[in-house]
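Report on the structure given below.
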Amino acid sequence: AVLFSTICSLRVAAALSFSCRGSSNSKRHFLNRNKLGTHARTCANTINNGIDPFTWPQLELLFRQDSINGLIKSSHPSLHLFRRSSTDQESYERHKDFLTRYWSSPYDYLLYNLFGDEFGFEKMLVEAAESSSDTDKARRCCDLDASSYEDRDLPPKGFVYETSPSLLEASQSTINNGHTYLKLVRNDFPYHVDSNNIDHFCLWKIGGGCATEGLLGEELNWALSELSELETLTASSRLIDRNDKGTSLVDFESPPDFLAEKRTFYWTNPPHLQSLPEMKHAHILVLRET
């Protein structure tokens, strides 16, 4: 494998971050990168029938030419083609209903189940706004497939779960204290890709330099480096403290070697495709070695 040049590393870093200094530097984020070529548009309607899962060769045809060493611009016209299988979509819809009925918000669920005690998040009971009849109806619905959910610790009747601190409180606290929380996990409801040799991960972030800061290049490089242990990796976390050099990502300023082998695609969805826009996250697809 060949290491990327410094120029390439800087391009990736610039492509993944919002500026903390206002709109004058908005070109740093890849939502505003140069106009795409026509290759993906030509292939989009011909390489997949919309029913079968995407294979890696199909993803190569759709995205490789217009990507930067696997980084797909969020303005790419074919990102909307990603979808879940019908089975996963049904599970996802049931899961959303479960969150609506038993959690204050989807963000409360994510904060506790993704970051949890490791990052100081606690689950609390609060009085539910819904009527008891709605809660009972939701419980009967969601319990039809309890195994689909990681957390089946249902709250008592008339209550829902809430996480403390809230996402807003955690974001403000981490920014004020110079902290960044990163969590790399497998997607519980992955896009419809060939699961025999493709894994779908998400990298989630809280905090950073400012409220408008997106995912930085070195943060993605850290996640991609963690994925080199793909055979055993299910999740990985990192706390970055700007006041503690021992926690910095200085060793991840350059992308990992395996990117040169064209084994990954990664991107941030554009706003209209984000189901959880208030929590910064990126998608990563990795081709397992065979």
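Please note that chains go A, B, ... in the order of the structure tokens, that every chain numbers its residues from 1, and that ligands are numbered from 1 in the order shown.
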
(request) Considering only C-alpha atoms, return as a ChimeraX atom specification whatever protein or nucleic-acid residues lie within 7 Å of Asp108 in chain A, sequence-local ones (same chain, fewer than 5 positions apart) excluded. (result) /A:103,162-163,166

(request) Once DSSP has gone over the backbone, tell me which residues of range 81-268 of chain A are in helix (DSSP H, G or I), as a VMD selection string. (result) chain A and resid 81 86 to 102 106 to 119 132 to 148 167 to 177 217 to 229 245 to 247 250 to 252 257 to 261

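Put simply, CA of Leu249 in chain A is 12.3 Å away from CA of Tyr181 in chain A.
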
(request) Could you tell me how far CA of Arg242 in chain A lies from CA of Leu276 in chain A, in Å and to one decimal? (result) 26.7 Å

(message) With DSSP run on the backbone, what are the strand (DSSP E) residues within range 58-251 of chain A? I'd like them as a PyMOL selection string.
(response) chain A and resi 122-127+159-164+179-186+198-207+235-241

Selected residues, C-alpha atoms, written as a tab-separated table (two decimals), in the first residue's frame, please.
```tsv
chain	number	residue	atom	x	y	z
A	122	GLU	CA	-27.35	8.53	32.54
A	123	LYS	CA	-30.86	7.25	31.80
A	124	MET	CA	-33.70	8.76	33.82
A	125	LEU	CA	-37.46	8.27	34.11
A	126	VAL	CA	-39.69	11.24	33.32
A	127	GLU	CA	-43.45	11.49	33.10
A	159	PHE	CA	-43.22	7.23	31.96
A	160	VAL	CA	-40.55	7.53	29.27
A	161	TYR	CA	-36.77	7.47	29.36
A	162	GLU	CA	-34.65	10.58	29.05
A	163	THR	CA	-30.87	10.95	29.02
A	164	SER	CA	-28.86	13.37	31.13
A	179	HIS	CA	-13.55	17.81	24.54
A	180	THR	CA	-14.68	15.68	21.60
A	181	TYR	CA	-16.53	12.39	21.95
A	182	LEU	CA	-16.26	9.87	19.10
A	183	LYS	CA	-18.09	6.57	18.78
A	184	LEU	CA	-17.65	4.12	15.89
A	185	VAL	CA	-20.34	1.43	15.67
A	186	ARG	CA	-21.95	-0.90	13.20
A	198	ILE	CA	-19.55	-5.35	2.99
A	199	ASP	CA	-19.91	-3.85	6.47
A	200	HIS	CA	-21.75	-0.60	7.23
A	201	PHE	CA	-20.43	1.49	10.12
A	202	CYS	CA	-21.33	4.93	11.45
A	203	LEU	CA	-19.01	7.39	13.19
A	204	TRP	CA	-20.83	9.65	15.69
A	205	LYS	CA	-19.45	12.84	17.19
A	206	ILE	CA	-20.32	15.15	20.08
A	207	GLY	CA	-18.44	18.38	20.74
A	235	ALA	CA	-17.46	-0.71	18.27
A	236	SER	CA	-14.74	1.72	19.28
A	237	SER	CA	-14.69	4.99	21.19
A	238	ARG	CA	-12.38	7.92	21.73
A	239	LEU	CA	-12.38	10.94	24.03
A	240	ILE	CA	-10.24	13.83	22.82
A	241	ASP	CA	-9.16	16.51	25.27
```
